[in-house]
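Report on one structure; see the data block that follows.
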Amino acid sequence: MTEQVRKPRARRTFSAFGEIRKMPSEYEIVTHGQNWTTRQNRTSAFEQNPSSAPNMWFKTYRDNSALQAHDWEQFRDPDQYTYRTYVNAQAESELKVHGVLEEYSAAGSAAALAPGWVETLATLYTPSRYPVHGFQQIEAYIGHMAPTSYVTNAAGLATADFLRRVTTIAYRTRELQLAQPSSDIGTDHERRVWETHPGWQPARKAVESVLATYDWGEAFTALNLVLLPTLDDVLSRQFGEIARDNGDELTWLLHGFLDADNQRRNRWSIALAEFAITQQPTSASAIDKWVARWSPIADAAAQGLATILAETPEIPRNADAVTAGAKAAREGLLRGILAPAEAVAKVSAP
Amino acid sequence: MTQSRETVELGPADRAPELVPLNAIFATDFVQILVPVTTADTMTEVAAAVAHHVEGKRVRALPYEKVVIHNGRVVPAEMTVADAGFAPLDHIAVEYLVPKGVS
Amino acid sequence: MNSVVGPILRMGDQIEEVIAAIRDDNPDQDIEVVDRGSYVRIQGHDRIRVTQNTLRGYLGADYEIRSFGTMMSSFVGRVVNNSDEIVWENIKRTASPEGVLAHD
Amino acid sequence: MTLLKREEWQGFVRDVDWTPTYVDYEAIYPEWHCGTGKVPREAWQGWEESYKVSYPEYVATQREKESSTYAVKAALQRSNTFQDLDEGWKSATKMHFGGVALVEYAAVIGELKMARFGLNGSWRNMATFGQLDEMRHAQITTFFGHEFVGQDAQYDWTQKTFHTNDWVPIALRNLFDGMMVAPNVVDLAIELPFTFETGFTNLQFIALSADALESGDVNFANMISSIQTDEARHSQQGGPTMEILVEHDPVRAQWVIDKSFWGSARAFAALTGPAMDYYTPLEHRKQSYREFMEEWIIDQYIHTIEDYGLKKPWYWDEFITGLDTWHHGLHMGLWYWRPTVWWRPKAGVSKDERAWLASKYPNWENVYGDKWDVMIDQVNANNVAATLPETLPWLCSTCHLPCCNATPSRNGEWKVRTWQLDYDGKKYHFCTNACRQIFWKDRDNVNHETLIDRFLAGQIQPMDVGGILNYMGMTPDAMGDDPDYGAWTRDYIGRAVEGIAAATVQGATQ
């Protein structure tokens with residue numbers, strides 16, 4: 001037997017992962033501890049006066065948010081998306097979107113839509129680029145302020161998803177404008193509808209209010225856990241179904257493709273809420289409080305849009321049913337999160 | 001505590017030496033450095049403390065006396081840091097006193 | 001005022017073809033090429049352009065001008081693009097870079 | 001039937017601003033984040049990027065970039081390229097991975113800020129692409145650096161650097177927090193996309209790729225030049241912002257440019273300068289740092305700001321003089337304080353290398369040759385210990401880099417000078433006059449404890465070299481040392497040695 005010389009074992013991965021047996025995934029390698037303003041043992045977020053305005057902002061709205069976890073770096077996106085995964089998946093999905101756009105354009109489908117449905121598109125669909133852009137802004141803020149790069153990345157990709165959605169709406173706005181020249185589509189009509197149509201005003205109030213909400217935990221809860229799950233159900237699921245009922249298959253198909261983005265965002269948002277609650281039970285009461293505050297606002301937004309869906313299409317849907325569906329969708333999603341009392345019991349159990 | 005205690009105002013020389021960190025440049029060295037001295041150190045000692053980090057390490061040692069320059073003035077060799085009134089973070093330069101005619 | 005404008009392309013297999021396409025699209029210009037190994041400066045004066053059609057002639061019929069972005073690591077001047085061409089022009093200008101919005 | 005052209009519909013993607021009424025405009029766009037200042041709110045309606053991209057184009061093109069970059073990596077992983085690279089060049093890459101990966105991430109946070117608070121919908125859309133781009137850069141840089149962790153522990157600093165209080169990341173955090181994340185979005189768009197990304201990153205990502213390719217590091221050259229193709233696009237946020245600000249508040253535009261240009265120039269002198277002029281093997285150097293600066297910064301960038309109607313910064317002469325000194329002084333500092341860096345700085349001053357340096361920098365021998373000669377003699381006298389630090393270099397209160405910039409005297413002698421300032425009962429020291437001026441103009445923002453301040457305040461314990469290294473997060477497996485003392489000293493073996501400290505020579509044991 002030759003004597004074995006024991007060399008110190010070569011490092012396999014970044015020391016940031018500690019002494020682990022399992023090799024971190026590519027997702028973890030490229031996502032872990034990327035935001036230096038969240039590093040340990042810092043005196044302030046930014047390397048400048050601890051009392052500077054930017055430092056005070058991050059201290060107040062991020063570090064002192066009621067949404068807390070003892071180690072945010074342990075959070076994982078259930079989909080484990082990296083940049084590379086994202087552009088691959090979205091490039092693929094956009095090809096499908098383009099495929100159906102071309103297919104339906106060739107069939108001249110936009111010109112064949114019924115008047116009531118064109119009006120619905122002009123009232124509910126084409127103006128929706130404004131609120132979706134608002135979502136994009138709020139999601140960007142959530143990413144900007146998030147206490148770990150694991151959340152910033154998920155929110156950053158979701159921000160881009162909203163731009164994708166606005167882009168799709170914009171494309172169809174032009175297509176409908178060409179196919180339906182006597183409609184108002186593609187004029188200043190969209191902005192006017194968004195700013196003044198009674199059906200949109202509760203939604204606009206909701207978006208503007210969340211835009212002005214700067215506690216990152218509350219912004220996250222208000223948008224990702226309350227407003228979006230509610231409005232996705234109206235603007236995506238139900239609107240798609242009603243489109244199909246009204247002979248607009250293209251809209252139904254497009255919403256199907258783009259809803260994958262919503263579902264991915266829901267997965268990490270729920271996972272994030274559960275993570276925070278499990279790590280820090282007081283997070284449950286914060287989420288609970290914010291959900292209670294924002295739910296009526298989201299319900300009012302859904303109800304406003306429901307009035308349009310009940311009145312304008314050739315084949316409408318009952319407004320109360322639309323509103324109830326949206327509320328049920330949100331509640332169904334939030335049911336996945338531990339009830340506050342349960343969470344406390346789980347964490348404090350021996 | 002109200003008992004009166006007689007206190008005597010102590011002069012610099014009576015106090016225990018205090019640390020005075022200085023910003024120093026030695027002759028033609030390439031960088032300003034941190035050099036801690038004490039209030040009791042003389043300029044000769046201050047010059048040596050600065051030279052310790054540089055002389056013969058980055059700047060050729062020359063066989064001449066070294067002087068300390070503070071606020072644009074050469075401080076006498078035997079004067080202490082306290083007497084010269086050096087404050088923490090003050091800048092000093094240490095230069096060789098090169099005899100005239102030598103270059 | 002006569003100033004240098006143009007793209008800076010990173011290392012790649014298609015540089016010669018792109019240079020040829022730019023020369024074709026700017027027949028009145030003497031296009032200068034500065035080769036630094038991992039990057040190449042292609043420069044003309046005041047305003048130069050390259051079109052998707054010409055690029056397709058060199059790089060294949062399915063070449064999409066958006067892919068130019070994979071090669072261009074920097075540029076001199078202002079770059080203005082649309083679905084058919086990319087233009088590099090002086091930064092000082094008076095006109096709007098692209099046509100009017102569809103709904104104006 | 002094909003799809004509609006982008007020009008037909010992109011106007012709708014860009015036209016997404018509305019007038020809020022349920023909440024005050026100020027509540028959604030707080031002046032403190034938006035920084036419109038003297039610019040009337042409606043002026044931002046004219047903001048327009050000239051180089052346009054749409055979402056489907058973006059994901060399709062970026063997928064192409066990612067797959068080709070990773071393909072080169074995969075192809076080279078099977079070869080022995082890495083083992084064959086020069087230690088100096090490897091140090092240039094370690095410096096890059098550690099010094100850059102998380103800076104890209106700071107840019108993610110900054111772009112997200114513009115995506116939220118930008119003053120025009122199309123600006124916010126561009127920033128949305130921008131944050132995606134920066135996420136790519138952070139991830140690709142981190143992942144490529146990670147590949148080498150098993151072979152060399154210094155690559156651990158790819159991820160670790162900015163989590164430490166090493167003096168290099170303190171300086172860089174101070175700079176980049178101040179120009180990429182903390183400012184209002186108007187200043188941010190000029191500091192990050194404009195000054196940094198159309199100016200300085202070209203130096204590290206394109207110019208350095210020329211040296212990388214010459215050095216045989218195809219993978220690295222490919223990665224950094226691919227990254228810069230994204231910058232070329234999203235840096236377009238700077239131009240339109242600049243045009244509007246120059247029109248309404250040229251004084252502010254000039255100040256923002258001047259300040260961020262100076263900070264960037266200081267940082268690149270520390271990172272890119274030594275990599276180009278010392279670490280890259282002599283035979284692989286494409287141009288000198290000064291020549292690259294002239295090509296990319298002086299010719300290209302300054303031309304650009306003049307086209308936008310601004311002037312050269314007020315400190316121009318000081319900056320130009322510094323092109324011959326800053327990075328040489330910083331290189332000497334990085335080498336002398338090498339236990340504090342996560343790479344192996346090579347001195348790079350053999351006779352041939354010095355001949356090259358002298359040809360590129362006529363004053364080099366005059367300013368730096370004598371110091372290197374003393375160190376060479378110490379190494380040849382078997383006294384490496386004399387070339388190791390026993391105190392800290394003084395760190396500038398603005399750029400946080402060592403104060404090591406020699407300037408010429410009337411008699412032709414080059415000396416380091418003192419730049420002091422008494423402010424608010426405290427004495428501050430600076431590396432240059434412009435750093436002092438910037439501190440004064442911006443004193444409430446940039447006034448931040450340097451490592452020297454922390455040391456003197458007793459935050460670093462014990463107050464010795466070990467305590468300092470520990471505070472910096474430096475561990476023995478990552479601590480820098482010269483990779484090959486002989487490489488630059490053997491040319492001088494046997495020459496007469498005078499004027500090196502006699503006592504230390506006698507006492508040498510190394």
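Chain labels follow the order of the structure tokens: the first chain is A, the next B, and so on; residue numbering restarts at 1 in every chain, and ligands are counted from 1 in their shown order.
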
Quick one: residues within 8 Å of Thr159 of chain A, only C-alpha atoms, excluding same-chain residues fewer than 6 positions away - as a list in words?
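Surrounding residues, per the criterion: Phe135, Gln136, Gln137, Glu139 and Ala140 of chain A; Thr128 of chain D.
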
Please find the residues of chain D near chain B - the criterion being any atom within 7 Å, counting only C-alpha atoms - and write them as a VMD selection string.
chain D and resid 329 371 to 372 374 to 375 386 to 387 390 to 394 403 to 404 406 415 to 416 427 499 to 501

Put those residues in a file: N, CA and C atoms, as a CSV table (one decimal), in the first residue's frame.
chain,number,residue,atom,x,y,z
D,329,GLY,N,0.7,53.7,-10.8
D,329,GLY,CA,0.8,53.8,-9.3
D,329,GLY,C,-0.2,52.7,-8.7
D,371,LYS,N,11.7,52.8,-8.1
D,371,LYS,CA,11.0,52.0,-7.0
D,371,LYS,C,11.1,50.5,-7.3
D,372,TRP,N,10.7,50.2,-8.5
D,372,TRP,CA,10.8,48.7,-8.8
D,372,TRP,C,12.2,48.2,-8.7
D,374,VAL,N,14.5,49.1,-6.5
D,374,VAL,CA,14.7,48.8,-5.1
D,374,VAL,C,14.1,47.5,-4.7
D,375,MET,N,12.8,47.3,-5.2
D,375,MET,CA,12.1,46.0,-4.9
D,375,MET,C,12.8,44.8,-5.5
D,386,ALA,N,10.8,42.3,2.7
D,386,ALA,CA,10.9,43.8,2.6
D,386,ALA,C,9.9,44.4,1.6
D,387,THR,N,9.4,43.5,0.8
D,387,THR,CA,8.4,44.0,-0.2
D,387,THR,C,7.0,43.7,0.2
D,390,GLU,N,3.5,46.7,5.9
D,390,GLU,CA,3.3,46.6,7.3
D,390,GLU,C,2.4,47.8,7.8
D,391,THR,N,1.9,48.5,6.8
D,391,THR,CA,0.9,49.5,7.1
D,391,THR,C,-0.1,49.6,5.9
D,392,LEU,N,-1.1,50.5,6.1
D,392,LEU,CA,-2.1,50.6,5.0
D,392,LEU,C,-1.7,51.8,4.1
D,393,PRO,N,-2.0,51.7,2.8
D,393,PRO,CA,-1.9,52.8,2.0
D,393,PRO,C,-3.0,53.8,2.4
D,394,TRP,N,-2.8,55.1,2.2
D,394,TRP,CA,-3.9,56.0,2.5
D,394,TRP,C,-4.9,55.9,1.4
D,403,CYS,N,-4.0,56.6,-2.4
D,403,CYS,CA,-3.5,58.0,-2.9
D,403,CYS,C,-2.1,57.8,-3.5
D,404,CYS,N,-2.1,57.5,-4.8
D,404,CYS,CA,-0.8,57.2,-5.3
D,404,CYS,C,-0.6,57.8,-6.7
D,406,ALA,N,1.4,60.4,-8.8
D,406,ALA,CA,2.5,61.3,-8.9
D,406,ALA,C,2.2,62.4,-9.9
D,415,LYS,N,6.3,63.7,-8.0
D,415,LYS,CA,6.1,63.4,-6.6
D,415,LYS,C,4.6,63.2,-6.3
D,416,VAL,N,4.3,62.4,-5.3
D,416,VAL,CA,2.9,62.3,-4.8
D,416,VAL,C,2.7,63.5,-3.9
D,427,LYS,N,-10.4,66.1,9.1
D,427,LYS,CA,-9.5,66.3,8.0
D,427,LYS,C,-9.6,65.1,7.0
D,499,GLY,N,21.7,51.1,-1.2
D,499,GLY,CA,20.5,51.8,-0.8
D,499,GLY,C,19.3,51.0,-0.5
D,500,ILE,N,19.4,49.7,-0.3
D,500,ILE,CA,18.3,49.0,0.2
D,500,ILE,C,18.6,48.8,1.7
D,501,ALA,N,17.6,48.8,2.5
D,501,ALA,CA,17.9,48.9,4.0
D,501,ALA,C,18.8,47.7,4.4

Just list the residues in chain B DSSP gives strand (DSSP E or B) on the backbone, as number ranges by chain.
B: 19-26, 33-38, 42, 55, 59, 66-70, 73-75, 80, 91-96

Could you name the residues that touch Arg73 of chain B at 12 Å or less, counting only C-alpha atoms, but leaving out those on the same chain fewer than 2 positions away, as an mmCIF file with C-alpha atoms, in the first residue's frame?
data_model
loop_
_atom_site.group_PDB
_atom_site.id
_atom_site.type_symbol
_atom_site.label_atom_id
_atom_site.label_comp_id
_atom_site.auth_asym_id
_atom_site.auth_seq_id
_atom_site.Cartn_x
_atom_site.Cartn_y
_atom_site.Cartn_z
ATOM 1 C CA VAL B 67 13.429 65.942 8.174
ATOM 2 C CA VAL B 68 9.732 66.143 8.852
ATOM 3 C CA ILE B 69 7.705 68.783 7.036
ATOM 4 C CA HIS B 70 4.354 69.830 8.463
ATOM 5 C CA ASN B 71 2.180 72.596 7.049
ATOM 6 C CA VAL B 75 9.909 70.822 12.231
ATOM 7 C CA PRO B 76 13.050 70.742 14.425
ATOM 8 C CA ALA B 84 4.704 70.507 17.217
ATOM 9 C CA HIS B 91 -0.289 65.213 6.700
ATOM 10 C CA ILE B 92 3.502 65.159 6.943
ATOM 11 C CA ALA B 93 6.225 64.718 4.390
ATOM 12 C CA VAL B 94 9.567 63.201 5.241
ATOM 13 C CA GLU B 95 12.456 64.342 3.084
#

6 Å contacts from chain A to chain D using only C-alpha atoms, as a PDB file with C-alpha atoms, in the first residue's frame:
ATOM      1  CA  ALA A  10     -10.522  21.143  -3.751  1.00  0.00           C
ATOM      2  CA  ARG A  11     -13.390  23.534  -3.598  1.00  0.00           C
ATOM      3  CA  ARG A  12     -16.323  22.390  -5.692  1.00  0.00           C
ATOM      4  CA  PHE A  14     -18.597  28.979  -4.110  1.00  0.00           C
ATOM      5  CA  VAL A  30     -26.071  32.104 -10.847  1.00  0.00           C
ATOM      6  CA  GLN A  34     -26.000  38.413  -6.166  1.00  0.00           C
ATOM      7  CA  ARG A  39     -25.034  41.173   2.265  1.00  0.00           C
ATOM      8  CA  PHE A  46     -25.459  51.332   0.147  1.00  0.00           C
ATOM      9  CA  GLU A  47     -21.816  52.130   0.629  1.00  0.00           C
ATOM     10  CA  GLN A  48     -22.535  55.729   1.576  1.00  0.00           C
ATOM     11  CA  ASN A  49     -23.735  57.630   4.628  1.00  0.00           C
ATOM     12  CA  PRO A  54     -31.337  56.057  -0.444  1.00  0.00           C
ATOM     13  CA  TYR A  83     -31.921  34.145 -17.705  1.00  0.00           C
ATOM     14  CA  VAL A  87     -35.111  33.536 -23.086  1.00  0.00           C
ATOM     15  CA  ASN A  88     -35.166  29.983 -24.423  1.00  0.00           C
ATOM     16  CA  ALA A  91     -38.455  32.634 -27.645  1.00  0.00           C
ATOM     17  CA  ALA A 106     -54.242  34.738 -43.194  1.00  0.00           C
ATOM     18  CA  TYR A 130     -52.127  50.815 -19.645  1.00  0.00           C
ATOM     19  CA  GLN A 137     -43.823  49.114 -13.148  1.00  0.00           C
ATOM     20  CA  ALA A 140     -40.067  46.227 -11.357  1.00  0.00           C
ATOM     21  CA  TYR A 141     -40.292  47.958  -7.995  1.00  0.00           C
ATOM     22  CA  HIS A 144     -35.735  46.584  -7.184  1.00  0.00           C
ATOM     23  CA  ARG A 164     -44.508  40.818 -23.473  1.00  0.00           C
ATOM     24  CA  THR A 167     -46.429  43.944 -26.847  1.00  0.00           C
ATOM     25  CA  ALA A 170     -50.060  46.448 -29.130  1.00  0.00           C
ATOM     26  CA  TYR A 171     -49.688  44.106 -32.049  1.00  0.00           C
ATOM     27  CA  ARG A 174     -52.675  47.583 -34.890  1.00  0.00           C
ATOM     28  CA  LYS A 205     -57.647  53.254  -8.782  1.00  0.00           C
ATOM     29  CA  LEU A 211     -47.923  52.133  -7.573  1.00  0.00           C
ATOM     30  CA  ALA A 212     -47.842  54.505  -4.607  1.00  0.00           C
TER      31      ALA A 212
END

Cut-off 10 Å: closest chain A/chain C atom pairs per residue, using only C-alpha atoms, as JSON lines:
{"residue": "A:Thr173", "atom": "CA", "partner": "C:His103", "partner_atom": "CA", "distance": 10.0}
{"residue": "A:Arg174", "atom": "CA", "partner": "C:Ala102", "partner_atom": "CA", "distance": 7.7}
{"residue": "A:Gln177", "atom": "CA", "partner": "C:His103", "partner_atom": "CA", "distance": 8.8}
{"residue": "A:Ile185", "atom": "CA", "partner": "C:His103", "partner_atom": "CA", "distance": 9.1}
{"residue": "A:Gly186", "atom": "CA", "partner": "C:His103", "partner_atom": "CA", "distance": 5.7}
{"residue": "A:Thr187", "atom": "CA", "partner": "C:His103", "partner_atom": "CA", "distance": 5.6}
{"residue": "A:Asp188", "atom": "CA", "partner": "C:His103", "partner_atom": "CA", "distance": 8.0}

Skip Trp488 of chain D itself and residues of its chain fewer than 3 positions away, then list as a PyMOL selection string all residues within 12 Å of it, counting only C-alpha atoms.
chain D and resi 278+346-354+372-373+375-377+379-380+482-485+491-493

Just want the 7 Å neighbourhood of Pro193 of chain D, counted on only C-alpha atoms, with same-chain residues fewer than 5 positions away dropped. Output as a list in words.
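Here the qualifying residues turn out to be Thr198, Ser235, Gln236, Gln237 and Gly238 of chain D.
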
Kindly save the residues from that selection, with all heavy atoms included, as a compact mmCIF listing (two decimals), in the first residue's frame.
# COMPACT_ATOMS: atom_id res chain seq x y z
N THR D 198 -21.73 53.49 -22.52
CA THR D 198 -21.25 53.86 -23.85
C THR D 198 -19.81 54.33 -23.77
O THR D 198 -19.17 54.53 -24.77
CB THR D 198 -22.12 54.97 -24.51
OG1 THR D 198 -22.09 56.11 -23.67
CG2 THR D 198 -23.54 54.51 -24.69
N SER D 235 -27.81 50.74 -23.59
CA SER D 235 -27.19 52.01 -23.21
C SER D 235 -27.86 53.18 -23.92
O SER D 235 -27.62 54.33 -23.60
CB SER D 235 -25.70 51.99 -23.52
OG SER D 235 -25.50 51.93 -24.91
N GLN D 236 -28.71 52.86 -24.91
CA GLN D 236 -29.44 53.91 -25.62
C GLN D 236 -30.38 54.69 -24.72
O GLN D 236 -30.94 55.70 -25.13
CB GLN D 236 -30.24 53.28 -26.77
CG GLN D 236 -29.36 52.71 -27.84
CD GLN D 236 -28.36 53.73 -28.34
OE1 GLN D 236 -28.74 54.69 -28.97
NE2 GLN D 236 -27.09 53.54 -28.02
N GLN D 237 -30.60 54.22 -23.51
CA GLN D 237 -31.40 55.02 -22.58
C GLN D 237 -30.71 56.33 -22.23
O GLN D 237 -31.36 57.29 -21.84
CB GLN D 237 -31.61 54.25 -21.26
CG GLN D 237 -32.54 53.08 -21.41
CD GLN D 237 -32.53 52.24 -20.16
OE1 GLN D 237 -33.22 52.53 -19.20
NE2 GLN D 237 -31.74 51.19 -20.14
N GLY D 238 -29.38 56.33 -22.36
CA GLY D 238 -28.65 57.52 -21.97
C GLY D 238 -28.88 58.69 -22.91
O GLY D 238 -29.16 59.81 -22.46

Compare C:Gln43, C:Ser3, C:Ser38, C:Gln52 by their minimum atom-to-atom distance to chain D, counting only C-alpha atoms, and give me the closest one.
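Comparing C:Gln43, C:Ser3, C:Ser38, C:Gln52 against chain D, the winner is C:Ser38.
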
Between atom CA of Lys96 of chain A and atom CA of Ser109 of chain A, what is the distance in Å, rounded to a tenth?
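Atom-to-atom, atom CA of Lys96 of chain A to atom CA of Ser109 of chain A, that is 17.5 Å.
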